[in-house]
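Engineer: mmCIF, C-alpha atoms, saved as query-v6.cif, coming up:
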data_model
loop_
_atom_site.label_atom_id
_atom_site.label_comp_id
_atom_site.auth_asym_id
_atom_site.auth_seq_id
_atom_site.Cartn_x
_atom_site.Cartn_y
_atom_site.Cartn_z
CA MET T 364 -94.25 84.94 200.48
CA PRO T 365 -90.73 83.92 201.61
CA SER T 366 -87.87 85.66 199.81
CA PRO T 367 -86.68 82.63 197.74
CA TYR T 368 -90.13 82.46 196.19
CA ARG T 369 -90.21 86.23 195.57
CA ALA T 370 -86.84 85.98 193.84
CA ILE T 371 -87.95 83.54 191.16
CA PHE T 372 -90.64 85.98 190.03
CA ALA T 373 -88.09 88.68 189.27
CA ALA T 374 -87.76 87.34 185.72
CA PRO T 375 -90.15 89.00 183.24
CA GLY T 376 -93.29 87.05 182.39
CA THR T 377 -93.08 84.56 185.25
CA LYS T 378 -96.10 85.92 187.13
CA ALA T 379 -98.25 85.89 184.01
CA PHE T 380 -97.52 82.33 182.90
CA SER T 381 -97.78 81.07 186.50
CA ALA T 382 -101.25 82.60 186.84
CA ALA T 383 -102.33 81.10 183.52
CA GLY T 384 -100.91 77.75 184.58
CA LEU T 385 -102.93 77.87 187.81
CA VAL T 386 -106.18 78.33 185.88
CA GLY T 387 -105.25 75.70 183.30
CA ARG T 388 -104.36 73.16 185.97
CA MET T 389 -107.58 73.37 187.94
CA PRO T 390 -109.08 70.59 185.76
CA LEU T 391 -106.27 68.35 187.03
CA SER T 392 -108.25 67.83 190.22
CA MET T 393 -111.73 68.73 188.96
CA VAL T 394 -112.45 66.57 185.93
CA GLY T 395 -111.95 63.14 187.46
CA VAL T 396 -113.75 63.76 190.75
CA GLY T 397 -116.35 65.84 188.90
CA ILE T 398 -117.19 62.99 186.53
CA LEU T 399 -117.15 60.56 189.46
CA THR T 400 -119.62 62.74 191.36
CA MET T 401 -121.76 63.36 188.29
CA ILE T 402 -122.17 59.68 187.43
CA SER T 403 -122.75 58.67 191.05
CA GLU T 404 -125.39 61.40 191.35
CA ILE T 405 -127.16 60.36 188.14
CA THR T 406 -126.87 56.56 188.35
CA GLY T 407 -125.50 55.66 191.81
CA ARG T 408 -123.05 53.25 190.13
CA TYR T 409 -119.56 53.71 191.62
CA ALA T 410 -118.03 50.95 189.50
CA MET T 411 -119.33 52.66 186.36
CA ALA T 412 -118.20 56.10 187.57
CA SER T 413 -114.68 54.93 188.44
CA ALA T 414 -114.37 52.99 185.17
CA LEU T 415 -115.28 56.13 183.25
CA THR T 416 -112.76 58.31 185.07
CA GLY T 417 -110.22 55.52 184.62
CA THR T 418 -110.86 55.55 180.87
CA LEU T 419 -110.24 59.28 180.76
CA ALA T 420 -107.02 58.92 182.73
CA LEU T 421 -105.80 56.00 180.64
CA ALA T 422 -106.53 57.86 177.40
CA ALA T 423 -104.58 60.85 178.73
CA ALA T 424 -101.73 58.49 179.56
CA VAL T 425 -101.58 57.25 175.97
CA ILE T 426 -102.13 60.55 174.17
CA GLY T 427 -100.48 63.01 176.59
CA PRO T 428 -96.82 62.14 175.88
CA GLN T 429 -97.46 62.35 172.13
CA VAL T 430 -98.93 65.82 172.58
CA SER T 431 -95.89 66.88 174.60
CA ARG T 432 -93.55 65.36 172.04
CA LEU T 433 -95.19 67.52 169.39
CA VAL T 434 -94.81 70.52 171.72
CA ASP T 435 -91.05 69.89 171.93
CA GLN T 436 -90.91 69.88 168.12
CA TYR T 437 -93.35 72.63 167.15
CA GLY T 438 -93.88 74.80 170.24
CA GLN T 439 -96.61 75.15 172.84
CA ARG T 440 -98.96 77.52 171.01
CA ARG T 441 -99.20 75.50 167.77
CA VAL T 442 -99.96 72.23 169.56
CA LEU T 443 -101.80 73.08 172.78
CA ARG T 444 -104.64 75.14 171.31
CA PRO T 445 -106.01 72.51 168.90
CA ALA T 446 -105.46 69.71 171.44
CA THR T 447 -107.38 71.68 174.06
CA LEU T 448 -110.28 72.34 171.71
CA VAL T 449 -110.63 68.63 170.94
CA SER T 450 -110.55 67.76 174.63
CA VAL T 451 -113.12 70.39 175.61
CA VAL T 452 -115.50 69.29 172.82
CA ALA T 453 -115.19 65.67 173.97
CA VAL T 454 -115.90 66.56 177.61
CA THR T 455 -118.94 68.53 176.48
CA GLY T 456 -120.15 65.48 174.56
CA LEU T 457 -119.65 63.35 177.66
CA LEU T 458 -121.77 65.69 179.77
CA LEU T 459 -124.55 65.84 177.20
CA ALA T 460 -124.57 62.04 176.90
CA ALA T 461 -124.77 61.59 180.66
CA ALA T 462 -127.49 64.21 181.07
CA ASN T 463 -129.65 62.62 178.39
CA GLY T 464 -129.18 59.01 179.47
CA LEU T 465 -127.42 57.89 176.28
CA PRO T 466 -125.80 54.41 176.13
CA ASP T 467 -122.72 53.85 178.25
CA TRP T 468 -120.46 53.26 175.25
CA ILE T 469 -120.97 56.85 174.09
CA LEU T 470 -119.73 58.12 177.46
CA PHE T 471 -116.63 55.93 177.19
CA VAL T 472 -115.87 57.10 173.64
CA CYS T 473 -116.13 60.74 174.72
CA ALA T 474 -113.91 60.07 177.75
CA ALA T 475 -111.29 58.45 175.51
CA VAL T 476 -111.22 61.37 173.07
CA ALA T 477 -111.01 63.82 175.97
CA GLY T 478 -107.69 62.19 176.85
CA CYS T 479 -105.83 64.53 174.48
CA VAL T 480 -105.92 67.12 177.26
CA PRO T 481 -102.44 68.72 177.48
CA SER T 482 -100.25 68.49 180.56
CA VAL T 483 -100.35 72.17 181.56
CA GLY T 484 -98.09 71.60 184.55
CA SER T 485 -95.35 70.22 182.30
CA MET T 486 -95.67 73.23 180.01
CA VAL T 487 -95.23 75.65 182.91
CA ARG T 488 -92.31 73.74 184.37
CA ALA T 489 -90.63 73.73 180.96
CA ARG T 490 -90.79 77.54 180.97
CA TRP T 491 -89.19 77.70 184.41
CA THR T 492 -86.44 75.37 183.20
CA VAL T 493 -85.51 77.66 180.32
CA ILE T 494 -85.45 80.73 182.56
CA TYR T 495 -83.36 79.19 185.36
CA GLN T 496 -81.35 76.60 183.46
CA ASP T 497 -78.13 78.09 184.86
CA SER T 498 -79.35 78.36 188.46
CA PRO T 499 -80.12 74.97 190.08
CA ARG T 500 -81.08 76.59 193.39
CA ALA T 501 -83.63 78.91 191.77
CA LEU T 502 -84.93 76.02 189.67
CA HIS T 503 -85.41 73.92 192.81
CA THR T 504 -87.45 76.76 194.30
CA ALA T 505 -89.47 77.08 191.10
CA TYR T 506 -90.23 73.35 191.07
CA SER T 507 -91.24 73.60 194.73
CA PHE T 508 -93.55 76.48 193.91
CA GLU T 509 -95.13 74.48 191.09
CA SER T 510 -95.70 71.59 193.46
CA VAL T 511 -97.48 74.00 195.81
CA VAL T 512 -99.60 75.25 192.89
CA ASP T 513 -100.54 71.65 192.10
CA GLU T 514 -101.67 71.17 195.67
CA VAL T 515 -103.61 74.45 195.69
CA CYS T 516 -105.50 73.03 192.71
CA PHE T 517 -106.12 69.83 194.66
CA ILE T 518 -107.33 71.85 197.66
CA PHE T 519 -109.90 73.91 195.78
CA GLY T 520 -110.57 71.70 192.75
CA PRO T 521 -112.47 68.90 194.52
CA ILE T 522 -114.38 71.44 196.61
CA LEU T 523 -115.53 73.20 193.44
CA ALA T 524 -116.22 70.03 191.45
CA ILE T 525 -118.11 68.12 194.16
CA GLY T 526 -119.82 71.24 195.47
CA LEU T 527 -121.02 72.34 192.03
CA SER T 528 -122.20 68.86 191.05
CA THR T 529 -124.07 68.24 194.30
CA ALA T 530 -125.48 71.73 194.91
CA TRP T 531 -126.14 73.00 191.38
CA PHE T 532 -126.58 70.21 188.81
CA PRO T 533 -124.60 66.96 188.31
CA GLU T 534 -122.76 68.11 185.18
CA ALA T 535 -121.64 71.45 186.68
CA GLY T 536 -118.28 70.27 188.07
CA PRO T 537 -116.84 68.83 184.83
CA LEU T 538 -118.32 71.73 182.85
CA ILE T 539 -116.49 74.38 184.88
CA ALA T 540 -113.33 72.28 184.72
CA ALA T 541 -113.47 72.26 180.91
CA LEU T 542 -113.90 76.04 180.87
CA CYS T 543 -110.88 76.47 183.16
CA LEU T 544 -108.78 74.34 180.82
CA LEU T 545 -109.82 76.35 177.79
CA VAL T 546 -109.18 79.74 179.41
CA GLY T 547 -105.92 78.68 181.06
CA VAL T 548 -104.37 77.22 177.92
CA TRP T 549 -105.37 80.22 175.82
CA LEU T 550 -103.83 82.62 178.35
CA LEU T 551 -100.66 80.53 178.65
CA THR T 552 -100.09 80.20 174.92
CA SER T 553 -100.70 83.92 174.42
CA GLN T 554 -97.46 84.61 176.29
CA ARG T 555 -94.86 84.08 173.59
CA SER T 556 -91.85 85.68 175.29
CA THR T 557 -91.43 82.88 177.83
CA GLU T 558 -92.44 80.01 175.53
CA PRO T 559 -89.57 77.50 175.11
CA ALA T 560 -88.15 77.46 171.60
CA PRO T 561 -89.28 74.46 169.56
CA HIS T 562 -86.75 71.76 168.76
CA PRO T 563 -87.61 70.43 165.28
CA ARG T 564 -86.69 66.82 164.57
CA GLY T 565 -84.09 67.84 162.02
CA GLU T 566 -82.03 69.59 164.70
CA HIS T 567 -80.97 66.41 166.47
CA THR T 568 -80.26 62.87 165.38
CA ASP T 569 -81.86 61.05 168.29
CA ARG T 570 -85.56 60.71 167.48
CA THR T 571 -86.35 58.08 170.06
CA SER T 572 -88.75 58.63 172.93
CA ALA T 573 -87.54 60.15 176.18
CA LEU T 574 -88.83 56.97 177.83
CA ARG T 575 -85.75 55.16 176.51
CA SER T 576 -83.93 56.63 179.50
CA PRO T 577 -83.59 53.93 182.22
CA GLY T 578 -83.92 56.54 184.95
CA LEU T 579 -87.16 57.90 183.49
CA GLN T 580 -88.50 54.35 183.24
CA VAL T 581 -88.03 53.92 186.99
CA LEU T 582 -89.65 57.25 187.79
CA THR T 583 -92.61 56.55 185.51
CA ALA T 584 -93.16 53.05 186.88
CA THR T 585 -93.10 54.39 190.43
CA PHE T 586 -95.65 57.03 189.51
CA VAL T 587 -97.99 54.42 188.12
CA ALA T 588 -98.23 53.08 191.67
CA THR T 589 -98.44 56.64 193.02
CA GLY T 590 -101.33 57.36 190.68
CA ALA T 591 -103.09 54.26 191.98
CA ILE T 592 -102.80 55.78 195.46
CA PHE T 593 -104.40 59.00 194.27
CA GLY T 594 -107.18 57.27 192.36
CA SER T 595 -108.05 54.90 195.18
CA ILE T 596 -108.12 57.66 197.81
CA ASP T 597 -110.39 59.88 195.70
CA VAL T 598 -112.94 57.10 195.14
CA SER T 599 -112.71 55.66 198.66
CA THR T 600 -113.06 59.06 200.35
CA LEU T 601 -116.11 60.01 198.31
CA ALA T 602 -117.79 56.67 199.05
CA PHE T 603 -116.77 56.72 202.73
CA ALA T 604 -118.21 60.21 203.19
CA GLU T 605 -121.46 59.06 201.61
CA GLU T 606 -121.61 56.06 203.96
CA GLN T 607 -121.14 58.47 206.87
CA GLY T 608 -124.10 60.50 205.62
CA SER T 609 -122.11 63.53 204.44
CA LYS T 610 -121.10 63.10 200.81
CA SER T 611 -120.35 66.78 200.27
CA SER T 612 -117.71 66.70 203.03
CA ALA T 613 -115.52 64.53 200.80
CA SER T 614 -114.34 67.63 198.99
CA PHE T 615 -113.13 69.24 202.23
CA ILE T 616 -111.40 66.06 203.37
CA LEU T 617 -109.57 65.77 200.05
CA ALA T 618 -108.66 69.44 200.39
CA ILE T 619 -107.09 68.72 203.79
CA TRP T 620 -105.06 65.95 202.16
CA ALA T 621 -103.79 68.42 199.54
CA LEU T 622 -103.16 71.02 202.24
CA GLY T 623 -100.67 68.69 203.91
CA SER T 624 -98.77 68.36 200.65
CA CYS T 625 -98.98 72.11 200.06
CA ILE T 626 -97.38 72.88 203.42
CA ALA T 627 -94.68 70.27 202.86
CA GLY T 628 -93.94 71.74 199.43
CA ILE T 629 -93.48 75.25 200.80
CA VAL T 630 -91.11 74.06 203.53
CA PHE T 631 -89.20 71.72 201.21
CA GLY T 632 -88.62 74.56 198.75
CA LEU T 633 -87.01 76.66 201.49
CA LEU T 634 -84.74 73.97 202.91
CA HIS T 635 -82.46 73.16 199.95
CA LEU T 636 -81.44 69.92 201.64
CA LYS T 637 -77.98 68.56 201.02
CA GLY T 638 -77.55 65.07 199.69
CA ARG T 639 -78.32 63.20 196.52
CA ASN T 640 -81.75 63.63 195.01
CA GLU T 641 -81.98 59.87 194.50
CA VAL T 642 -81.78 59.24 198.25
CA LEU T 643 -84.27 61.99 199.08
CA TRP T 644 -86.63 60.62 196.45
CA VAL T 645 -86.55 57.05 197.79
CA LEU T 646 -87.13 58.29 201.34
CA SER T 647 -90.09 60.40 200.19
CA VAL T 648 -91.67 57.47 198.34
CA CYS T 649 -91.25 55.20 201.37
CA ALA T 650 -92.78 57.83 203.68
CA MET T 651 -95.73 58.11 201.31
CA ALA T 652 -96.20 54.33 201.38
CA VAL T 653 -96.10 54.09 205.18
CA SER T 654 -98.58 56.95 205.54
CA MET T 655 -101.26 54.88 203.78
CA ILE T 656 -101.61 52.44 206.70
CA PRO T 657 -103.68 54.67 209.06
CA LEU T 658 -106.33 55.18 206.37
CA LEU T 659 -107.62 51.65 206.85
CA LEU T 660 -108.11 52.36 210.56
CA ALA T 661 -110.29 55.44 210.04
CA GLY T 662 -113.67 54.89 211.61
CA ASN T 663 -115.06 58.39 211.13
CA LEU T 664 -114.54 61.48 209.00
CA PRO T 665 -112.42 63.52 211.48
CA PHE T 666 -109.95 60.64 211.92
CA LEU T 667 -109.80 60.22 208.14
CA ALA T 668 -109.09 63.92 207.67
CA VAL T 669 -106.15 63.79 210.09
CA ALA T 670 -104.76 60.63 208.50
CA LEU T 671 -104.96 62.14 205.02
CA PHE T 672 -103.30 65.38 206.16
CA VAL T 673 -100.34 63.39 207.49
CA SER T 674 -100.11 61.29 204.34
CA GLY T 675 -100.13 64.44 202.24
CA LEU T 676 -96.88 65.63 203.82
CA ALA T 677 -94.91 63.12 201.74
CA ILE T 678 -96.46 63.95 198.36
CA ALA T 679 -94.84 67.30 197.50
CA PRO T 680 -91.26 66.19 198.37
CA THR T 681 -91.79 63.17 196.13
CA MET T 682 -92.96 65.35 193.25
CA ILE T 683 -90.18 67.93 193.66
CA THR T 684 -87.34 65.40 193.78
CA THR T 685 -88.88 63.57 190.82
CA MET T 686 -88.70 66.71 188.66
CA ALA T 687 -85.07 67.21 189.67
CA LEU T 688 -84.29 63.64 188.65
CA ILE T 689 -85.98 64.13 185.28
CA GLU T 690 -83.62 67.07 184.74
CA ALA T 691 -80.72 64.69 185.36
CA HIS T 692 -81.90 61.89 183.05
CA VAL T 693 -83.70 63.56 180.13
CA PRO T 694 -82.12 65.78 177.42
CA ARG T 695 -83.43 69.31 177.17
CA ALA T 696 -84.75 68.63 173.67
CA LYS T 697 -87.14 66.08 175.23
CA LEU T 698 -87.77 67.72 178.59
CA THR T 699 -91.48 68.45 178.11
CA GLU T 700 -92.06 64.88 176.94
CA GLY T 701 -90.07 63.54 179.90
CA MET T 702 -92.13 65.52 182.40
CA THR T 703 -95.32 64.38 180.71
CA TRP T 704 -94.33 60.71 181.08
CA ILE T 705 -94.57 61.27 184.83
CA SER T 706 -98.09 62.59 184.35
CA THR T 707 -98.71 59.56 182.16
CA GLY T 708 -97.60 57.22 184.91
CA LEU T 709 -99.92 58.99 187.32
CA ALA T 710 -102.79 58.79 184.83
CA VAL T 711 -102.33 55.05 184.29
CA GLY T 712 -102.20 54.56 188.04
CA VAL T 713 -105.32 56.65 188.59
CA ALA T 714 -107.11 54.59 185.95
CA VAL T 715 -106.16 51.31 187.58
CA GLY T 716 -106.54 52.50 191.15
CA SER T 717 -109.94 54.12 190.70
CA SER T 718 -111.35 51.19 188.71
CA VAL T 719 -110.14 48.54 191.14
CA THR T 720 -111.29 50.60 194.11
CA GLY T 721 -114.74 51.03 192.63
CA LEU T 722 -115.08 47.25 192.37
CA VAL T 723 -113.79 46.75 195.92
CA ILE T 724 -116.22 49.33 197.32
CA ASP T 725 -119.19 47.80 195.54
CA ALA T 726 -118.23 44.39 196.92
CA ALA T 727 -116.98 45.14 200.44
CA GLY T 728 -117.74 48.73 201.41
CA ALA T 729 -116.01 52.11 201.27
CA GLN T 730 -113.36 51.62 203.96
CA ARG T 731 -112.01 48.51 202.22
CA GLY T 732 -111.15 50.73 199.29
CA TYR T 733 -108.15 51.97 201.25
CA VAL T 734 -106.65 48.48 200.99
CA VAL T 735 -105.93 49.42 197.38
CA SER T 736 -104.15 52.57 198.62
CA ILE T 737 -101.92 50.52 200.92
CA ALA T 738 -101.14 48.00 198.19
CA ALA T 739 -100.28 50.79 195.75
CA GLY T 740 -98.00 52.48 198.30
CA THR T 741 -96.18 49.21 198.89
CA ALA T 742 -95.72 48.78 195.15
CA ALA T 743 -94.35 52.32 194.79
CA ALA T 744 -91.74 51.72 197.50
CA ALA T 745 -90.76 48.36 195.99
CA VAL T 746 -90.21 49.86 192.54
CA ALA T 747 -88.24 52.77 194.02
CA PHE T 748 -85.88 50.41 195.83
CA ALA T 749 -85.52 48.12 192.83
CA GLY T 750 -84.76 51.00 190.47
CA TYR T 751 -82.47 53.00 192.73
CA ARG T 752 -79.27 51.86 190.99
CA ARG T 753 -80.61 52.95 187.61
CA LEU T 754 -81.13 56.45 188.96
CA THR T 755 -77.56 56.68 190.24
CA LYS T 756 -76.06 55.79 186.85
CA PRO T 757 -75.18 58.57 184.42
CA ALA T 758 -77.73 59.25 181.71
CA GLN T 759 -76.95 57.86 178.27
CA GLY T 760 -77.21 59.60 174.90
CA GLU T 761 -77.84 63.34 174.72
CA GLU T 762 -76.54 65.30 177.67
CA PRO T 763 -79.13 66.02 180.35
CA ALA T 764 -79.69 69.36 182.00
CA THR T 765 -78.14 68.49 185.36
CA ASP T 766 -76.07 65.82 187.01
CA GLY T 767 -77.46 63.53 189.69
CA ASP T 768 -76.86 66.10 192.42
CA GLY T 769 -78.86 68.81 190.68
CA ASP T 770 -75.84 70.87 189.49
CA SER T 771 -75.88 72.47 186.05
CA ARG T 772 -73.85 70.87 183.29
CA GLU T 773 -72.00 72.99 180.78
CA GLU T 774 -73.64 72.80 177.35
CA PRO T 775 -73.28 74.77 174.14
CA ARG T 776 -75.65 77.72 174.35
CA GLY T 777 -77.50 76.84 171.17
CA ASP T 778 -78.40 73.36 172.36
CA ARG T 779 -80.46 74.46 175.33
CA VAL T 780 -84.08 73.89 174.46
CA ALA T 781 -86.82 72.86 176.83
#
Translate the structure of the given file into structure tokens.
Structural biologist:
Amino acid sequence: MPSPYRAIFAAPGTKAFSAAGLVGRMPLSMVGVGILTMISEITGRYAMASALTGTLALAAAVIGPQVSRLVDQYGQRRVLRPATLVSVVAVTGLLLAAANGLPDWILFVCAAVAGCVPSVGSMVRARWTVIYQDSPRALHTAYSFESVVDEVCFIFGPILAIGLSTAWFPEAGPLIAALCLLVGVWLLTSQRSTEPAPHPRGEHTDRTSALRSPGLQVLTATFVATGAIFGSIDVSTLAFAEEQGSKSSASFILAIWALGSCIAGIVFGLLHLKGRNEVLWVLSVCAMAVSMIPLLLAGNLPFLAVALFVSGLAIAPTMITTMALIEAHVPRAKLTEGMTWISTGLAVGVAVGSSVTGLVIDAAGAQRGYVVSIAAGTAAAAVAFAGYRRLTKPAQGEEPATDGDGDSREEPRGDRVA
């Protein structure tokens, strides 16, 4: 591993919570595609499967920020363990309902309750922020590493979920994902030394949501469109591979897509590019939008794999610069909530993108599903351009962790809470 990445693990406890975060984040890429595969295997209804995964994502979008807000107030251990138990029980109910052919509404209710799944990635990033709050360069490397971990999950998660559900039994993928969530969260919350201190409501006067920040509003809106890209590509790729007579290869193609982002994240973490994060972010979003165009031209699986690898190169830089901008626009007392709003935007986008794509595929075929990806990329770039000025303005209210260039601000020591 390159020396900048080795350096961030010199702090005590970082290896342990990173490993726990890796396990806990595997469901990020397993649950949705696992449910999609399970329902398509059992019923063959892609519209139904995508609507169900969309319901799960939308429920997570509504409940997730509230869970993270409670984490900021009461701490990770007290909030994450009960939330995880509820989510795992709901996923189990969903699998049992699907396996026994129960009415569709029961599946949707279970999917909605499962939406209280915590944002494990936000919890891990909050720990890094506390450790390296005085070192912007180390924090940039840590965020880059976390982006790589996300992509590692997206490389292996779909392979496991689709492979288990197609080779073992349809419910296997989501089942293993639920177990990973349970184990990962329990391991993470067992590590108390690196857990960010809670920030009870009585300690600060501003009790409004982190989403009141204009900069965070722009980032979240952009990630709604980004989530639509992700949701549409997942559904379209699975359906396209099935049309080509090799449904199981969808997991490997999606892994190649994540591999492109993984490589870009490693390189981006080493570069420490000069210039404003706002400019780098807009360029990354635009590159991601342009990279959607070749997907509609893919006539076979090898061409699709290459096109997705190239498009993946823009994902990690977008994620890394987004986290840096959250640092600049969200107070530390609301940092976990702020990071979770990005996950919320992605979840809403996945819900919309996967549902719309499922309808398009049922009506016009798998390849036409990538039209949704192109439209979502265009929307993301448009929102990024329209909101650029908001991102360049200083944050209002409580002082954020960094300025717009990623440099640390001076704050009273006692006020630094992630």
Engineer: Go through T:Val693, T:Leu658, T:Val515, T:Ala670 one by one, measure the shortest atom-to-atom distance of each to Gly628 (chain T) using all atoms listed in the file, and give the residue with the smallest value.
Structural biologist: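 Answer, going by the shortest atom-to-atom distance: T:Val515.
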Engineer: Starting from the PyMOL selection byres ((chain T and resi 608-622) around 7), expand the selection into actual residues of this file and give them as a list in words.
Structural biologist: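 So the PyMOL selection byres ((chain T and resi 608-622) around 7) ends up selecting Glu514, Phe517, Ile518, Phe519, Pro521, Ile522, Ile525, Gly526, Thr600, Leu601, Ala604, Glu605, Glu606, Gln607, Gly623, Ser624, Cys625, Ile626, Ala668, Leu671, Phe672 and Gly675 of chain T.
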Engineer: If you count all atoms listed in the file, which residues fall within 8 Å of Glu404 (chain T), apart from same-chain ones fewer than 3 positions away, as an mmCIF file with C-alpha atoms, in the coordinates of the input?
Structural biologist:
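Here's the written file around-v7.cif:
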data_model
loop_
_atom_site.group_PDB
_atom_site.id
_atom_site.type_symbol
_atom_site.label_atom_id
_atom_site.label_comp_id
_atom_site.auth_asym_id
_atom_site.auth_seq_id
_atom_site.Cartn_x
_atom_site.Cartn_y
_atom_site.Cartn_z
ATOM 1 C CA THR T 400 -119.620 62.740 191.360
ATOM 2 C CA MET T 401 -121.760 63.360 188.290
ATOM 3 C CA GLY T 407 -125.500 55.660 191.810
ATOM 4 C CA THR T 529 -124.070 68.240 194.300
ATOM 5 C CA PRO T 533 -124.600 66.960 188.310
#
Engineer: By how many Å are CA of Ala474 (chain T) and CA of Thr418 (chain T) apart?
Structural biologist: 6.3 Å
Engineer: Using the chain letters and numbers from the file, give me the residues hit by the PyMOL selection byres ((chain T and resi 579) around 9), as JSON, numbers by chain.
Structural biologist: {"T": [573, 574, 575, 576, 577, 578, 580, 581, 582, 583, 584, 688, 689, 692, 693, 701, 704, 705, 754]}
Engineer: Give me the region 629-745 of chain T side of the contact with region 494-512 of chain T, cut-off 9 Å, one line per residue showing its nearest atom pair and distance in Å at one decimal, counting all atoms listed in the file, sorted by chain and residue number, as JSON lines.
Structural biologist:
{"residue": "T:Ile629", "atom": "CA", "partner": "T:Val511", "partner_atom": "CA", "distance": 6.5}
{"residue": "T:Val630", "atom": "CA", "partner": "T:Ser507", "partner_atom": "CA", "distance": 8.8}
{"residue": "T:Phe631", "atom": "CA", "partner": "T:Ser507", "partner_atom": "CA", "distance": 7.0}
{"residue": "T:Gly632", "atom": "CA", "partner": "T:Ser507", "partner_atom": "CA", "distance": 4.9}
{"residue": "T:Leu633", "atom": "CA", "partner": "T:Thr504", "partner_atom": "CA", "distance": 7.2}
{"residue": "T:His635", "atom": "CA", "partner": "T:Arg500", "partner_atom": "CA", "distance": 7.5}
{"residue": "T:Ala679", "atom": "CA", "partner": "T:Ser510", "partner_atom": "CA", "distance": 6.0}
{"residue": "T:Pro680", "atom": "CA", "partner": "T:Ser507", "partner_atom": "CA", "distance": 8.3}
{"residue": "T:Met682", "atom": "CA", "partner": "T:Ser510", "partner_atom": "CA", "distance": 6.8}
{"residue": "T:Ile683", "atom": "CA", "partner": "T:Ser507", "partner_atom": "CA", "distance": 5.9}
{"residue": "T:Thr684", "atom": "CA", "partner": "T:His503", "partner_atom": "CA", "distance": 8.8}
{"residue": "T:Met686", "atom": "CA", "partner": "T:Tyr506", "partner_atom": "CA", "distance": 7.2}
{"residue": "T:Ala687", "atom": "CA", "partner": "T:His503", "partner_atom": "CA", "distance": 7.4}
Engineer: Tell me which protein, DNA and RNA residues are within 8 Å of Ile398 (chain T), counting all atoms listed in the file, leaving out same-chain ones fewer than 4 positions away, and put them as a list of chain:residue names.
Structural biologist: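 So the residues in contact are T:Val394, T:Ile402, T:Ala412, T:Leu415, T:Thr416, T:Glu534, T:Gly536, T:Pro537.
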Engineer: Expand the PyMOL selection byres ((chain T and resi 547-558) around 6) into the individual residues it matches in the shown file, reporting them as a VMD selection string.
Structural biologist: chain T and resid 380 383 386 to 387 440 543 to 546 559
Engineer: Using all atoms listed in the file, can you tell me which of T:Ala749, T:Val454, T:Ile592, T:Leu470 comes closest to Ala540 (chain T)?
Structural biologist: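 Closest candidate: T:Val454.
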Engineer: Just to confirm, what's the straight-line distance from CA of Val480 (chain T) to CA of Ser450 (chain T) in Å (one decimal)?
Structural biologist: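 The value is 5.4 Å.
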Engineer: Considering only C-alpha atoms, return as a PDB file with C-alpha atoms, in the frame of the given file whatever protein or nucleic-acid residues lie within 12 Å of Val434 (chain T), sequence-local ones (same chain, fewer than 3 positions apart) excluded.
Structural biologist:
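Resulting contents of result-v4.pdb:
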ATOM      1  CA  GLY T 427    -100.480  63.010 176.590  1.00  0.00           C
ATOM      2  CA  PRO T 428     -96.820  62.140 175.880  1.00  0.00           C
ATOM      3  CA  GLN T 429     -97.460  62.350 172.130  1.00  0.00           C
ATOM      4  CA  VAL T 430     -98.930  65.820 172.580  1.00  0.00           C
ATOM      5  CA  SER T 431     -95.890  66.880 174.600  1.00  0.00           C
ATOM      6  CA  TYR T 437     -93.350  72.630 167.150  1.00  0.00           C
ATOM      7  CA  GLY T 438     -93.880  74.800 170.240  1.00  0.00           C
ATOM      8  CA  GLN T 439     -96.610  75.150 172.840  1.00  0.00           C
ATOM      9  CA  ARG T 440     -98.960  77.520 171.010  1.00  0.00           C
ATOM     10  CA  ARG T 441     -99.200  75.500 167.770  1.00  0.00           C
ATOM     11  CA  VAL T 442     -99.960  72.230 169.560  1.00  0.00           C
ATOM     12  CA  LEU T 443    -101.800  73.080 172.780  1.00  0.00           C
ATOM     13  CA  ARG T 444    -104.640  75.140 171.310  1.00  0.00           C
ATOM     14  CA  PRO T 445    -106.010  72.510 168.900  1.00  0.00           C
ATOM     15  CA  ALA T 446    -105.460  69.710 171.440  1.00  0.00           C
ATOM     16  CA  PRO T 481    -102.440  68.720 177.480  1.00  0.00           C
ATOM     17  CA  SER T 482    -100.250  68.490 180.560  1.00  0.00           C
ATOM     18  CA  VAL T 483    -100.350  72.170 181.560  1.00  0.00           C
ATOM     19  CA  SER T 485     -95.350  70.220 182.300  1.00  0.00           C
ATOM     20  CA  MET T 486     -95.670  73.230 180.010  1.00  0.00           C
ATOM     21  CA  ALA T 489     -90.630  73.730 180.960  1.00  0.00           C
ATOM     22  CA  THR T 552    -100.090  80.200 174.920  1.00  0.00           C
ATOM     23  CA  GLU T 558     -92.440  80.010 175.530  1.00  0.00           C
ATOM     24  CA  PRO T 559     -89.570  77.500 175.110  1.00  0.00           C
ATOM     25  CA  ALA T 560     -88.150  77.460 171.600  1.00  0.00           C
ATOM     26  CA  PRO T 561     -89.280  74.460 169.560  1.00  0.00           C
ATOM     27  CA  HIS T 562     -86.750  71.760 168.760  1.00  0.00           C
ATOM     28  CA  PRO T 563     -87.610  70.430 165.280  1.00  0.00           C
ATOM     29  CA  ARG T 564     -86.690  66.820 164.570  1.00  0.00           C
ATOM     30  CA  ALA T 696     -84.750  68.630 173.670  1.00  0.00           C
ATOM     31  CA  LYS T 697     -87.140  66.080 175.230  1.00  0.00           C
ATOM     32  CA  LEU T 698     -87.770  67.720 178.590  1.00  0.00           C
ATOM     33  CA  THR T 699     -91.480  68.450 178.110  1.00  0.00           C
ATOM     34  CA  GLU T 700     -92.060  64.880 176.940  1.00  0.00           C
ATOM     35  CA  GLY T 701     -90.070  63.540 179.900  1.00  0.00           C
ATOM     36  CA  THR T 703     -95.320  64.380 180.710  1.00  0.00           C
ATOM     37  CA  VAL T 780     -84.080  73.890 174.460  1.00  0.00           C
ATOM     38  CA  ALA T 781     -86.820  72.860 176.830  1.00  0.00           C
TER      39      ALA T 781
END
